[in-house]
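Okay, structure first, notes after.
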Amino acid sequence: MKATLITKRVLITLTLGMAALTAPTLAQELAANQTVRLGLGVDDIRTLDPQFSTGVGETPIVEFVYEALTKFPDGVIDPTRIEPSLAESWEVQPDGLTWIVKLRKNVQWHEGYGEFTADDVLFSYNRLKEAKTGSPFRANLAPIATIEKIDPHTVKFTTKDPVPNLPALLVNANKAFIMSHVASEKGIDFRTHPIGTGPFQYQTYKPRESFTLKRNDKYWAGRPIIETIVAQFMSNGSTRELALRSGDVQAIDLAATQDTIDRMRKAKMQVSLTAPANTYILYLNPKIKPFDDIKVRKALSYAIDRKAMSKFLGQEVSAEEISPLPAGYIGHTDDVARYDFDMQKAKALLTEAGYPNGFSASLPISNNNIYLQPMQIIQEQWRKIGVNLTLNVVDHPTYHRLIRQDTSPAVIYGAYRYPLDGIRYLDEFFHSKSIIGTPTAATNFSHYDKVDAELDAARSEKDPAKQIQLWQQAQKKIMADAMAIPLFTRKYALAHNPKLDLGHEQKSYSFYTFSKDSRLLR
């Protein structure tokens, strides 16, 4: 008995002693100044309205301020790991079309705009879905037919067809942010003055210089540790790198090249390579000769050496793609017609098509190296089979305008589409309704119209296995007709000072995400 008492006393003494040591040690870990400075690769913002914001420098700010009904785990984009956010719970009804969503109570809008309620959900989603709003993300919530308020903290969604993954459509990554209807009624200009429910809120905006956010002390999930976030506009990559090295900023976005990554690691910075990311595909236009000839399209496909391209770009940051639906997307298959690098096959096909000496072509290309460098590699590879390709280099906005005028025989385009399945990606690039130049144009640069039946059936298919089969059938048709040349997926690259503790591993997003637990260490 005495031995037991002595043991307990020793354990209690040791525990108290460790607690006395641990408390001040933890306190000392935090830097006295909890101001985080980000170097963003832009000159300025265009708009912070979450239903219109598309810029790489705008999205991080929007994400710090606004929230959606559901969320991913911090730092990860994974539709299979949906968590509650402004919604506490959700339940699908037996008809498979009706969802009852319970909203979180006692959530306050920034700057005293009242409590978050069902009225804000209806305002936000109706605004997004209305044609007159003109949001580029209108189609993101297209599966939702109606939204109804049951009570201040309950909403009913009714979908047009069964949508097993509806909660995955209600996340930030799908631009399903919730906005304050009261702030809207009071005339707040959301373009420069965002009002959200998130962990950080608007403080000041200095055009062409910076945007500053401060801590939301009333954040429903708990008071954040970081007090201030200063997003500094730095469009030049070298300037951002120098600023990170000197300590003027704590985190930046990087050019996704191996030499840049190696340079940051040598400087003892933490580098994050994130995915899902943009997949680059070369879309061939059969409306322009000789790209109307399948033998020519196949020859051009065989003449591209993806391995050499990946080695040049950096194998750590790029991965080869084989199918028009990227690897990692639900429904992806590599069981398609393959055009692995074979110069002899390419030359033979060109001869069969009547071009034994090749031909000449020209196309516009962006001056952004993410587009320009791969096309320069392709230009050199095609030259070896006699195809002389002239690249007309233009600025990036001009490139996007020109490729939608249907004058280019081929278009290289990088894209990432959420949710990660065949619905949006294949519909936008290969459904006839998406053909450029049509009233419903999206990004079907190949003018392809042979997989409408599969894509339409997949959109309303209730059985996930059958839905996947339909997407796979579509991929096989596209590759058999050689309408597109999948190239590579290029990861995003970020770097930060080791003293910035995110509180999570940054596996996804093209920018660093902060939570209430993110902090600066001494």
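Chain identifiers are assigned as A, B, and so on, following the order in which chains appear in the structure tokens; residues are numbered from 1 within each chain, and ligands are numbered from 1 in order of appearance.
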
Item to check | Neighbour list for stretch 89-94 of chain A as a PyMOL selection string, cut-off 10 Å, only C-alpha atoms, skip fewer than 4 positions in-chain | outcome: chain A and resi 69-70+83-85+98-104+154-158+162-164+166-167

What would the file look like if the residues just selected were written as a short mmCIF file (atom, residue, chain, number, x, y, z; two decimals), in the first residue's frame with N, CA and C atoms?
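So out.cif came out as:
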```cif
data_model
loop_
_atom_site.label_atom_id
_atom_site.label_comp_id
_atom_site.auth_asym_id
_atom_site.auth_seq_id
_atom_site.Cartn_x
_atom_site.Cartn_y
_atom_site.Cartn_z
N LEU A 69 -20.82 25.87 -47.02
CA LEU A 69 -21.56 24.99 -46.12
C LEU A 69 -20.72 23.79 -45.70
N THR A 70 -19.87 23.30 -46.61
CA THR A 70 -19.01 22.17 -46.31
C THR A 70 -17.56 22.54 -46.61
N GLU A 83 -16.18 17.69 -44.80
CA GLU A 83 -16.43 17.98 -43.40
C GLU A 83 -17.47 19.09 -43.27
N PRO A 84 -18.15 19.17 -42.11
CA PRO A 84 -19.08 20.28 -41.87
C PRO A 84 -18.33 21.61 -41.78
N SER A 85 -18.99 22.67 -42.21
CA SER A 85 -18.46 24.02 -42.03
C SER A 85 -19.61 24.90 -41.55
N THR A 98 -33.86 14.96 -52.72
CA THR A 98 -34.07 15.98 -51.68
C THR A 98 -33.02 15.83 -50.58
N TRP A 99 -32.43 16.97 -50.23
CA TRP A 99 -31.43 16.99 -49.17
C TRP A 99 -31.87 18.01 -48.10
N ILE A 100 -31.83 17.61 -46.84
CA ILE A 100 -32.11 18.51 -45.73
C ILE A 100 -30.78 18.85 -45.07
N VAL A 101 -30.47 20.14 -45.04
CA VAL A 101 -29.19 20.61 -44.51
C VAL A 101 -29.44 21.46 -43.27
N LYS A 102 -28.82 21.07 -42.16
CA LYS A 102 -28.93 21.82 -40.90
C LYS A 102 -27.76 22.80 -40.81
N LEU A 103 -28.08 24.06 -40.56
CA LEU A 103 -27.05 25.09 -40.53
C LEU A 103 -26.51 25.33 -39.12
N ARG A 104 -25.28 25.76 -39.06
CA ARG A 104 -24.65 26.05 -37.77
C ARG A 104 -25.25 27.32 -37.17
N THR A 154 -32.37 25.76 -41.26
CA THR A 154 -32.57 24.54 -42.04
C THR A 154 -32.91 24.90 -43.48
N VAL A 155 -32.23 24.23 -44.43
CA VAL A 155 -32.44 24.49 -45.85
C VAL A 155 -32.72 23.16 -46.56
N LYS A 156 -33.62 23.21 -47.55
CA LYS A 156 -33.90 22.02 -48.35
C LYS A 156 -33.41 22.25 -49.78
N PHE A 157 -32.57 21.34 -50.25
CA PHE A 157 -32.10 21.36 -51.64
C PHE A 157 -32.83 20.26 -52.41
N THR A 158 -33.28 20.59 -53.61
CA THR A 158 -33.85 19.59 -54.51
C THR A 158 -33.04 19.60 -55.79
N PRO A 162 -30.54 12.54 -59.31
CA PRO A 162 -29.80 12.14 -58.10
C PRO A 162 -28.35 12.60 -58.17
N VAL A 163 -27.89 13.23 -57.09
CA VAL A 163 -26.51 13.70 -57.01
C VAL A 163 -25.91 13.13 -55.72
N PRO A 164 -25.33 11.95 -55.79
CA PRO A 164 -24.82 11.32 -54.57
C PRO A 164 -23.78 12.14 -53.83
N LEU A 166 -23.64 15.55 -53.51
CA LEU A 166 -24.06 16.95 -53.37
C LEU A 166 -23.23 17.72 -52.34
N PRO A 167 -22.95 17.18 -51.14
CA PRO A 167 -22.11 17.94 -50.21
C PRO A 167 -20.76 18.34 -50.78
#
```

Next on the checklist: Using only C-alpha atoms, which protein or nucleic acid residues come within 12 Å of A:Pro73? Drop anything in the same chain fewer than 2 positions from it, and give the result as a PyMOL selection string.
Outcome noted: chain A and resi 70-71+75-85+171-172+503-508+513-515

Checklist outcome for this item: Restricting to only C-alpha atoms, whichever of A:Arg383, A:Arg37, A:Arg263, A:Lys307 is closest to A:Gly358 is A:Arg383

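Of the listed residues A:Ala441, A:Glu380, A:Gly39, A:Phe429, the one whose atoms come nearest to A:Gln405 is A:Ala441, with distances taken using only C-alpha atoms.
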
Next on the checklist: Taking 6 positions as the minimum chain separation for residues in the same chain, which residues sit within 9 Å of A:Thr390 when counting only C-alpha atoms? Answer as a PyMOL selection string.
Outcome noted: chain A and resi 360-364+379

Once you have the residues from the selection above, write them out as a PDB file, in the first residue's frame, restricted to all heavy atoms.
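Output contents, as saved in result05.pdb:
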```
ATOM      1  N   SER A 360       3.489  23.137 -93.198  1.00  0.00           N
ATOM      2  CA  SER A 360       3.700  24.285 -92.310  1.00  0.00           C
ATOM      3  C   SER A 360       2.384  24.705 -91.683  1.00  0.00           C
ATOM      4  O   SER A 360       1.311  24.558 -92.287  1.00  0.00           O
ATOM      5  CB  SER A 360       4.305  25.459 -93.082  1.00  0.00           C
ATOM      6  OG  SER A 360       5.581  25.127 -93.589  1.00  0.00           O
ATOM      7  N   ALA A 361       2.452  25.218 -90.467  1.00  0.00           N
ATOM      8  CA  ALA A 361       1.266  25.713 -89.763  1.00  0.00           C
ATOM      9  C   ALA A 361       1.714  26.787 -88.785  1.00  0.00           C
ATOM     10  O   ALA A 361       2.897  26.875 -88.436  1.00  0.00           O
ATOM     11  CB  ALA A 361       0.559  24.579 -89.031  1.00  0.00           C
ATOM     12  N   SER A 362       0.762  27.627 -88.372  1.00  0.00           N
ATOM     13  CA  SER A 362       1.078  28.665 -87.372  1.00  0.00           C
ATOM     14  C   SER A 362      -0.065  28.751 -86.377  1.00  0.00           C
ATOM     15  O   SER A 362      -1.218  28.445 -86.700  1.00  0.00           O
ATOM     16  CB  SER A 362       1.291  30.023 -88.051  1.00  0.00           C
ATOM     17  OG  SER A 362       0.097  30.479 -88.655  1.00  0.00           O
ATOM     18  N   LEU A 363       0.275  29.154 -85.184  1.00  0.00           N
ATOM     19  CA  LEU A 363      -0.752  29.303 -84.146  1.00  0.00           C
ATOM     20  C   LEU A 363      -0.300  30.310 -83.097  1.00  0.00           C
ATOM     21  O   LEU A 363       0.901  30.537 -82.907  1.00  0.00           O
ATOM     22  CB  LEU A 363      -1.071  27.947 -83.512  1.00  0.00           C
ATOM     23  CG  LEU A 363       0.068  27.087 -82.957  1.00  0.00           C
ATOM     24  CD1 LEU A 363       0.514  27.558 -81.582  1.00  0.00           C
ATOM     25  CD2 LEU A 363      -0.385  25.635 -82.856  1.00  0.00           C
ATOM     26  N   PRO A 364      -1.267  30.934 -82.403  1.00  0.00           N
ATOM     27  CA  PRO A 364      -0.904  31.862 -81.328  1.00  0.00           C
ATOM     28  C   PRO A 364      -0.492  31.086 -80.079  1.00  0.00           C
ATOM     29  O   PRO A 364      -0.944  29.963 -79.858  1.00  0.00           O
ATOM     30  CB  PRO A 364      -2.210  32.626 -81.086  1.00  0.00           C
ATOM     31  CG  PRO A 364      -3.286  31.647 -81.460  1.00  0.00           C
ATOM     32  CD  PRO A 364      -2.725  30.854 -82.600  1.00  0.00           C
ATOM     33  N   GLN A 379       7.201  22.230 -80.882  1.00  0.00           N
ATOM     34  CA  GLN A 379       7.664  22.820 -82.143  1.00  0.00           C
ATOM     35  C   GLN A 379       8.937  22.120 -82.628  1.00  0.00           C
ATOM     36  O   GLN A 379       9.048  21.769 -83.815  1.00  0.00           O
ATOM     37  CB  GLN A 379       7.935  24.314 -81.940  1.00  0.00           C
ATOM     38  CG  GLN A 379       8.427  25.042 -83.164  1.00  0.00           C
ATOM     39  CD  GLN A 379       8.826  26.487 -82.831  1.00  0.00           C
ATOM     40  OE1 GLN A 379       9.465  26.746 -81.802  1.00  0.00           O
ATOM     41  NE2 GLN A 379       8.421  27.415 -83.683  1.00  0.00           N
TER      42      GLN A 379
END
```

Next on the checklist: Applying 9 Å and only C-alpha atoms, which residues near A:Glu352 remain after dropping the ones on its own chain fewer than 4 positions away? List them as a PyMOL selection string.
Outcome noted: chain A and resi 295-296+347-348+356

Produce a file of the selected residues containing all heavy atoms, as a PDB file, in the first residue's frame.
```pdb
ATOM      1  N   LYS A 295      -5.103  10.712 -89.987  1.00  0.00           N
ATOM      2  CA  LYS A 295      -3.725  10.235 -90.095  1.00  0.00           C
ATOM      3  C   LYS A 295      -2.739  11.321 -89.694  1.00  0.00           C
ATOM      4  O   LYS A 295      -1.709  11.047 -89.064  1.00  0.00           O
ATOM      5  CB  LYS A 295      -3.450   9.748 -91.510  1.00  0.00           C
ATOM      6  CG  LYS A 295      -4.197   8.469 -91.872  1.00  0.00           C
ATOM      7  CD  LYS A 295      -3.877   8.018 -93.287  1.00  0.00           C
ATOM      8  CE  LYS A 295      -4.636   6.728 -93.626  1.00  0.00           C
ATOM      9  NZ  LYS A 295      -4.356   6.289 -95.014  1.00  0.00           N
ATOM     10  N   VAL A 296      -3.043  12.557 -90.053  1.00  0.00           N
ATOM     11  CA  VAL A 296      -2.188  13.683 -89.654  1.00  0.00           C
ATOM     12  C   VAL A 296      -2.245  13.857 -88.135  1.00  0.00           C
ATOM     13  O   VAL A 296      -1.209  14.050 -87.482  1.00  0.00           O
ATOM     14  CB  VAL A 296      -2.630  14.986 -90.366  1.00  0.00           C
ATOM     15  CG1 VAL A 296      -1.906  16.194 -89.770  1.00  0.00           C
ATOM     16  CG2 VAL A 296      -2.358  14.887 -91.861  1.00  0.00           C
ATOM     17  N   LYS A 347       6.207   9.588 -89.211  1.00  0.00           N
ATOM     18  CA  LYS A 347       6.595   9.895 -90.593  1.00  0.00           C
ATOM     19  C   LYS A 347       5.797   9.057 -91.588  1.00  0.00           C
ATOM     20  O   LYS A 347       5.373   9.558 -92.645  1.00  0.00           O
ATOM     21  CB  LYS A 347       8.088   9.646 -90.781  1.00  0.00           C
ATOM     22  CG  LYS A 347       8.984  10.659 -90.057  1.00  0.00           C
ATOM     23  CD  LYS A 347      10.454  10.327 -90.287  1.00  0.00           C
ATOM     24  CE  LYS A 347      11.342  11.360 -89.598  1.00  0.00           C
ATOM     25  NZ  LYS A 347      12.788  11.042 -89.763  1.00  0.00           N
ATOM     26  N   ALA A 348       5.570   7.785 -91.251  1.00  0.00           N
ATOM     27  CA  ALA A 348       4.825   6.907 -92.149  1.00  0.00           C
ATOM     28  C   ALA A 348       3.381   7.384 -92.302  1.00  0.00           C
ATOM     29  O   ALA A 348       2.829   7.382 -93.418  1.00  0.00           O
ATOM     30  CB  ALA A 348       4.857   5.474 -91.614  1.00  0.00           C
ATOM     31  N   PRO A 356       4.548  13.629 -97.400  1.00  0.00           N
ATOM     32  CA  PRO A 356       5.838  12.972 -97.136  1.00  0.00           C
ATOM     33  C   PRO A 356       6.921  13.944 -96.691  1.00  0.00           C
ATOM     34  O   PRO A 356       7.869  13.543 -96.003  1.00  0.00           O
ATOM     35  CB  PRO A 356       6.181  12.332 -98.496  1.00  0.00           C
ATOM     36  CG  PRO A 356       5.424  13.147 -99.505  1.00  0.00           C
ATOM     37  CD  PRO A 356       4.155  13.540 -98.818  1.00  0.00           C
TER      38      PRO A 356
END
```

Next on the checklist: Could you list, as a VMD selection string, every residue within 6 Å of stretch 314-319 of chain A, counting only C-alpha atoms and ignoring same-chain residues fewer than 5 positions away?
Outcome noted: chain A and resid 258 488 to 491

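Proximity ranking of A:Leu420, A:Ile304, A:Leu48, A:Leu389 relative to A:Ala173 places A:Leu420 first, based on only C-alpha atoms.
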
Expected answer as a short mmCIF file (atom, residue, chain, number, x, y, z; two decimals) with all heavy atoms, in the first residue's frame: strand (DSSP E or B) residues in stretch 134-223 of chain A:
```cif
data_model
loop_
_atom_site.label_atom_id
_atom_site.label_comp_id
_atom_site.auth_asym_id
_atom_site.auth_seq_id
_atom_site.Cartn_x
_atom_site.Cartn_y
_atom_site.Cartn_z
N ILE A 144 -28.56 21.62 -58.95
CA ILE A 144 -29.56 22.01 -57.95
C ILE A 144 -30.74 22.69 -58.65
O ILE A 144 -30.56 23.71 -59.33
CB ILE A 144 -28.96 22.94 -56.89
CG1 ILE A 144 -27.84 22.22 -56.13
CG2 ILE A 144 -30.04 23.42 -55.91
CD1 ILE A 144 -27.06 23.12 -55.19
N ALA A 145 -31.94 22.12 -58.48
CA ALA A 145 -33.13 22.69 -59.11
C ALA A 145 -33.73 23.80 -58.25
O ALA A 145 -34.02 24.89 -58.77
CB ALA A 145 -34.18 21.60 -59.34
N THR A 146 -33.91 23.55 -56.96
CA THR A 146 -34.51 24.55 -56.06
C THR A 146 -33.84 24.52 -54.70
O THR A 146 -33.28 23.50 -54.28
CB THR A 146 -36.02 24.29 -55.86
OG1 THR A 146 -36.21 23.00 -55.26
CG2 THR A 146 -36.78 24.35 -57.18
N ILE A 147 -33.92 25.67 -54.03
CA ILE A 147 -33.41 25.80 -52.66
C ILE A 147 -34.51 26.46 -51.84
O ILE A 147 -35.02 27.52 -52.22
CB ILE A 147 -32.14 26.68 -52.60
CG1 ILE A 147 -31.12 26.20 -53.64
CG2 ILE A 147 -31.53 26.67 -51.21
CD1 ILE A 147 -29.99 27.18 -53.86
N GLU A 148 -34.89 25.85 -50.74
CA GLU A 148 -35.98 26.37 -49.92
C GLU A 148 -35.55 26.52 -48.46
O GLU A 148 -34.77 25.71 -47.95
CB GLU A 148 -37.19 25.43 -49.98
CG GLU A 148 -37.74 25.22 -51.38
CD GLU A 148 -38.84 24.18 -51.40
OE1 GLU A 148 -39.84 24.37 -50.67
OE2 GLU A 148 -38.70 23.17 -52.12
N LYS A 149 -36.09 27.53 -47.82
CA LYS A 149 -35.85 27.75 -46.39
C LYS A 149 -36.93 27.03 -45.59
O LYS A 149 -38.11 27.29 -45.76
CB LYS A 149 -35.87 29.26 -46.11
CG LYS A 149 -35.85 29.62 -44.63
CD LYS A 149 -35.95 31.14 -44.47
CE LYS A 149 -36.08 31.54 -43.01
NZ LYS A 149 -36.21 33.01 -42.87
N ILE A 150 -36.51 26.13 -44.72
CA ILE A 150 -37.46 25.42 -43.84
C ILE A 150 -37.66 26.22 -42.57
O ILE A 150 -38.78 26.44 -42.11
CB ILE A 150 -36.94 24.01 -43.50
CG1 ILE A 150 -36.67 23.21 -44.79
CG2 ILE A 150 -37.94 23.27 -42.60
CD1 ILE A 150 -37.88 23.04 -45.67
N ASP A 151 -36.55 26.68 -41.99
CA ASP A 151 -36.56 27.56 -40.82
C ASP A 151 -35.23 28.32 -40.85
O ASP A 151 -34.41 28.08 -41.75
CB ASP A 151 -36.79 26.79 -39.51
CG ASP A 151 -35.70 25.77 -39.21
OD1 ASP A 151 -34.50 26.11 -39.31
OD2 ASP A 151 -36.03 24.62 -38.89
N THR A 154 -32.37 25.76 -41.26
CA THR A 154 -32.57 24.54 -42.04
C THR A 154 -32.91 24.90 -43.48
O THR A 154 -33.75 25.77 -43.73
CB THR A 154 -33.71 23.66 -41.47
OG1 THR A 154 -33.50 23.46 -40.07
CG2 THR A 154 -33.77 22.31 -42.18
N VAL A 155 -32.23 24.23 -44.43
CA VAL A 155 -32.44 24.49 -45.85
C VAL A 155 -32.72 23.16 -46.56
O VAL A 155 -32.14 22.13 -46.22
CB VAL A 155 -31.20 25.16 -46.48
CG1 VAL A 155 -31.36 25.31 -47.98
CG2 VAL A 155 -30.96 26.52 -45.84
N LYS A 156 -33.62 23.21 -47.55
CA LYS A 156 -33.90 22.02 -48.35
C LYS A 156 -33.41 22.25 -49.78
O LYS A 156 -33.80 23.22 -50.42
CB LYS A 156 -35.40 21.71 -48.36
CG LYS A 156 -35.74 20.45 -49.18
CD LYS A 156 -37.21 20.07 -49.05
CE LYS A 156 -38.11 20.93 -49.91
NZ LYS A 156 -39.50 20.43 -49.94
N PHE A 157 -32.57 21.34 -50.25
CA PHE A 157 -32.10 21.36 -51.64
C PHE A 157 -32.83 20.26 -52.41
O PHE A 157 -32.96 19.13 -51.93
CB PHE A 157 -30.60 21.07 -51.72
CG PHE A 157 -29.73 22.17 -51.18
CD1 PHE A 157 -29.34 22.19 -49.85
CD2 PHE A 157 -29.29 23.18 -52.01
CE1 PHE A 157 -28.54 23.19 -49.36
CE2 PHE A 157 -28.47 24.19 -51.53
CZ PHE A 157 -28.11 24.20 -50.21
N THR A 158 -33.28 20.59 -53.61
CA THR A 158 -33.85 19.59 -54.51
C THR A 158 -33.04 19.60 -55.79
O THR A 158 -32.87 20.65 -56.41
CB THR A 158 -35.33 19.88 -54.81
OG1 THR A 158 -36.06 19.95 -53.58
CG2 THR A 158 -35.93 18.77 -55.67
N THR A 159 -32.55 18.42 -56.17
CA THR A 159 -31.72 18.33 -57.37
C THR A 159 -32.54 17.82 -58.56
O THR A 159 -33.56 17.16 -58.39
CB THR A 159 -30.52 17.40 -57.14
OG1 THR A 159 -30.99 16.10 -56.79
CG2 THR A 159 -29.65 17.93 -56.01
N VAL A 171 -18.70 23.10 -51.38
CA VAL A 171 -17.45 23.51 -50.75
C VAL A 171 -16.89 24.78 -51.39
O VAL A 171 -17.30 25.18 -52.48
CB VAL A 171 -16.39 22.38 -50.86
CG1 VAL A 171 -16.82 21.13 -50.11
CG2 VAL A 171 -16.12 22.05 -52.32
N PHE A 177 -19.38 29.71 -52.02
CA PHE A 177 -19.25 30.56 -50.84
C PHE A 177 -20.60 31.15 -50.43
O PHE A 177 -21.45 31.43 -51.28
CB PHE A 177 -18.29 31.72 -51.13
CG PHE A 177 -16.89 31.30 -51.48
CD1 PHE A 177 -16.46 31.26 -52.80
CD2 PHE A 177 -15.99 30.95 -50.49
CE1 PHE A 177 -15.18 30.88 -53.13
CE2 PHE A 177 -14.70 30.57 -50.81
CZ PHE A 177 -14.29 30.54 -52.13
N PHE A 200 -10.53 35.33 -40.88
CA PHE A 200 -9.90 36.63 -41.09
C PHE A 200 -10.84 37.56 -41.84
O PHE A 200 -11.65 37.13 -42.65
CB PHE A 200 -8.58 36.46 -41.85
CG PHE A 200 -7.61 35.55 -41.14
CD1 PHE A 200 -7.50 34.21 -41.49
CD2 PHE A 200 -6.84 36.02 -40.10
CE1 PHE A 200 -6.65 33.36 -40.83
CE2 PHE A 200 -5.97 35.18 -39.41
CZ PHE A 200 -5.87 33.84 -39.77
N GLN A 201 -10.73 38.86 -41.54
CA GLN A 201 -11.65 39.83 -42.12
C GLN A 201 -10.91 41.05 -42.66
O GLN A 201 -9.76 41.32 -42.33
CB GLN A 201 -12.69 40.26 -41.09
CG GLN A 201 -12.15 40.99 -39.88
CD GLN A 201 -13.23 41.26 -38.84
OE1 GLN A 201 -13.81 40.33 -38.29
NE2 GLN A 201 -13.48 42.53 -38.56
N TYR A 202 -11.62 41.79 -43.49
CA TYR A 202 -11.07 42.96 -44.18
C TYR A 202 -10.54 44.00 -43.19
O TYR A 202 -11.16 44.29 -42.17
CB TYR A 202 -12.17 43.59 -45.03
CG TYR A 202 -11.83 44.95 -45.59
CD1 TYR A 202 -11.07 45.08 -46.75
CD2 TYR A 202 -12.26 46.12 -44.96
CE1 TYR A 202 -10.77 46.32 -47.26
CE2 TYR A 202 -11.96 47.37 -45.47
CZ TYR A 202 -11.20 47.47 -46.62
OH TYR A 202 -10.89 48.70 -47.13
N GLN A 203 -9.37 44.56 -43.54
CA GLN A 203 -8.85 45.71 -42.78
C GLN A 203 -8.55 46.88 -43.70
O GLN A 203 -9.17 47.93 -43.57
CB GLN A 203 -7.59 45.32 -42.00
CG GLN A 203 -7.02 46.48 -41.18
CD GLN A 203 -5.97 46.05 -40.18
OE1 GLN A 203 -6.21 45.13 -39.41
NE2 GLN A 203 -4.80 46.67 -40.22
N THR A 204 -7.62 46.70 -44.66
CA THR A 204 -7.31 47.80 -45.58
C THR A 204 -6.93 47.24 -46.95
O THR A 204 -6.47 46.12 -47.08
CB THR A 204 -6.12 48.65 -45.07
OG1 THR A 204 -4.99 47.80 -44.87
CG2 THR A 204 -6.47 49.39 -43.80
N TYR A 205 -7.12 48.07 -47.96
CA TYR A 205 -6.72 47.74 -49.32
C TYR A 205 -5.95 48.91 -49.90
O TYR A 205 -6.45 50.04 -49.95
CB TYR A 205 -7.95 47.42 -50.17
CG TYR A 205 -7.69 47.34 -51.66
CD1 TYR A 205 -6.59 46.64 -52.17
CD2 TYR A 205 -8.55 47.96 -52.57
CE1 TYR A 205 -6.35 46.56 -53.53
CE2 TYR A 205 -8.33 47.88 -53.95
CZ TYR A 205 -7.22 47.18 -54.42
OH TYR A 205 -6.99 47.11 -55.77
N LYS A 206 -4.72 48.65 -50.37
CA LYS A 206 -3.91 49.66 -51.03
C LYS A 206 -3.68 49.20 -52.46
O LYS A 206 -2.89 48.27 -52.70
CB LYS A 206 -2.57 49.83 -50.31
CG LYS A 206 -2.71 50.34 -48.88
CD LYS A 206 -1.34 50.46 -48.20
CE LYS A 206 -1.48 50.96 -46.77
NZ LYS A 206 -0.16 51.05 -46.09
N SER A 210 -1.00 46.25 -51.63
CA SER A 210 -1.28 45.18 -50.68
C SER A 210 -2.75 45.14 -50.27
O SER A 210 -3.49 46.11 -50.48
CB SER A 210 -0.42 45.35 -49.42
OG SER A 210 -0.79 46.55 -48.74
N PHE A 211 -3.14 44.01 -49.70
CA PHE A 211 -4.47 43.85 -49.11
C PHE A 211 -4.25 43.24 -47.73
O PHE A 211 -3.57 42.21 -47.60
CB PHE A 211 -5.34 42.93 -49.96
CG PHE A 211 -6.81 43.05 -49.67
CD1 PHE A 211 -7.62 43.81 -50.48
CD2 PHE A 211 -7.37 42.41 -48.57
CE1 PHE A 211 -8.98 43.95 -50.21
CE2 PHE A 211 -8.72 42.52 -48.29
CZ PHE A 211 -9.53 43.31 -49.11
N THR A 212 -4.80 43.88 -46.71
CA THR A 212 -4.56 43.45 -45.33
C THR A 212 -5.82 42.93 -44.67
O THR A 212 -6.89 43.55 -44.75
CB THR A 212 -3.98 44.62 -44.50
OG1 THR A 212 -2.78 45.10 -45.10
CG2 THR A 212 -3.67 44.16 -43.07
N LEU A 213 -5.68 41.78 -44.03
CA LEU A 213 -6.77 41.17 -43.26
C LEU A 213 -6.37 41.11 -41.79
O LEU A 213 -5.18 40.98 -41.47
CB LEU A 213 -7.03 39.74 -43.76
CG LEU A 213 -7.40 39.58 -45.23
CD1 LEU A 213 -7.34 38.11 -45.63
CD2 LEU A 213 -8.80 40.13 -45.48
N LYS A 214 -7.36 41.21 -40.92
CA LYS A 214 -7.09 41.08 -39.49
C LYS A 214 -7.85 39.89 -38.92
O LYS A 214 -8.79 39.37 -39.53
CB LYS A 214 -7.49 42.36 -38.75
CG LYS A 214 -8.97 42.69 -38.80
CD LYS A 214 -9.26 43.99 -38.05
CE LYS A 214 -10.76 44.32 -38.09
NZ LYS A 214 -11.05 45.59 -37.37
N ARG A 215 -7.45 39.48 -37.75
CA ARG A 215 -8.04 38.33 -37.10
C ARG A 215 -9.51 38.58 -36.77
O ARG A 215 -9.90 39.66 -36.34
CB ARG A 215 -7.27 38.03 -35.82
CG ARG A 215 -7.82 36.91 -34.96
CD ARG A 215 -6.85 36.57 -33.85
NE ARG A 215 -6.67 37.69 -32.93
CZ ARG A 215 -5.68 37.77 -32.04
NH1 ARG A 215 -4.77 36.81 -31.99
NH2 ARG A 215 -5.58 38.81 -31.24
#
```

Item to check | Long-range neighbours of A:Ala337 as an NGL selection string, 9 Å cut-off, only C-alpha atoms, 6 positions minimum in chain | outcome: :A and (322-323 or 476-482)

Checklist entry - Which of these, A:Ala346, A:Leu282, A:Leu38, A:Ile412, has the shortest distance to A:Ile229 once you count only C-alpha atoms? => result A:Leu38

Next on the checklist: So that I can see what lies close to stretch 235-251 of chain A, please list as an MDAnalysis selection string the residues with an atom at most 8 Å from it, counting only C-alpha atoms and leaving out residues fewer than 3 positions away in the same chain.
Outcome noted: chainID A and resid 36:43 254:255 264 267 494:497 500 512

Checklist entry - Nearest to A:Val393 among A:Ala465, A:Ile377, A:Ile226, A:Leu372, with distances taken over only C-alpha atoms: which residue is it? => result A:Leu372

Item to check | Of the listed residues A:Pro286, A:Pro374, A:Pro324, A:Gly354, that which approaches A:Ala410 most closely, counting only C-alpha atoms | outcome: A:Pro286

Item to check | Per-residue DSSP, stretch 201-300 of chain A, filtered to alpha helix (DSSP H), as an MDAnalysis selection string | outcome: chainID A and resid 237:246 258:266 294:300
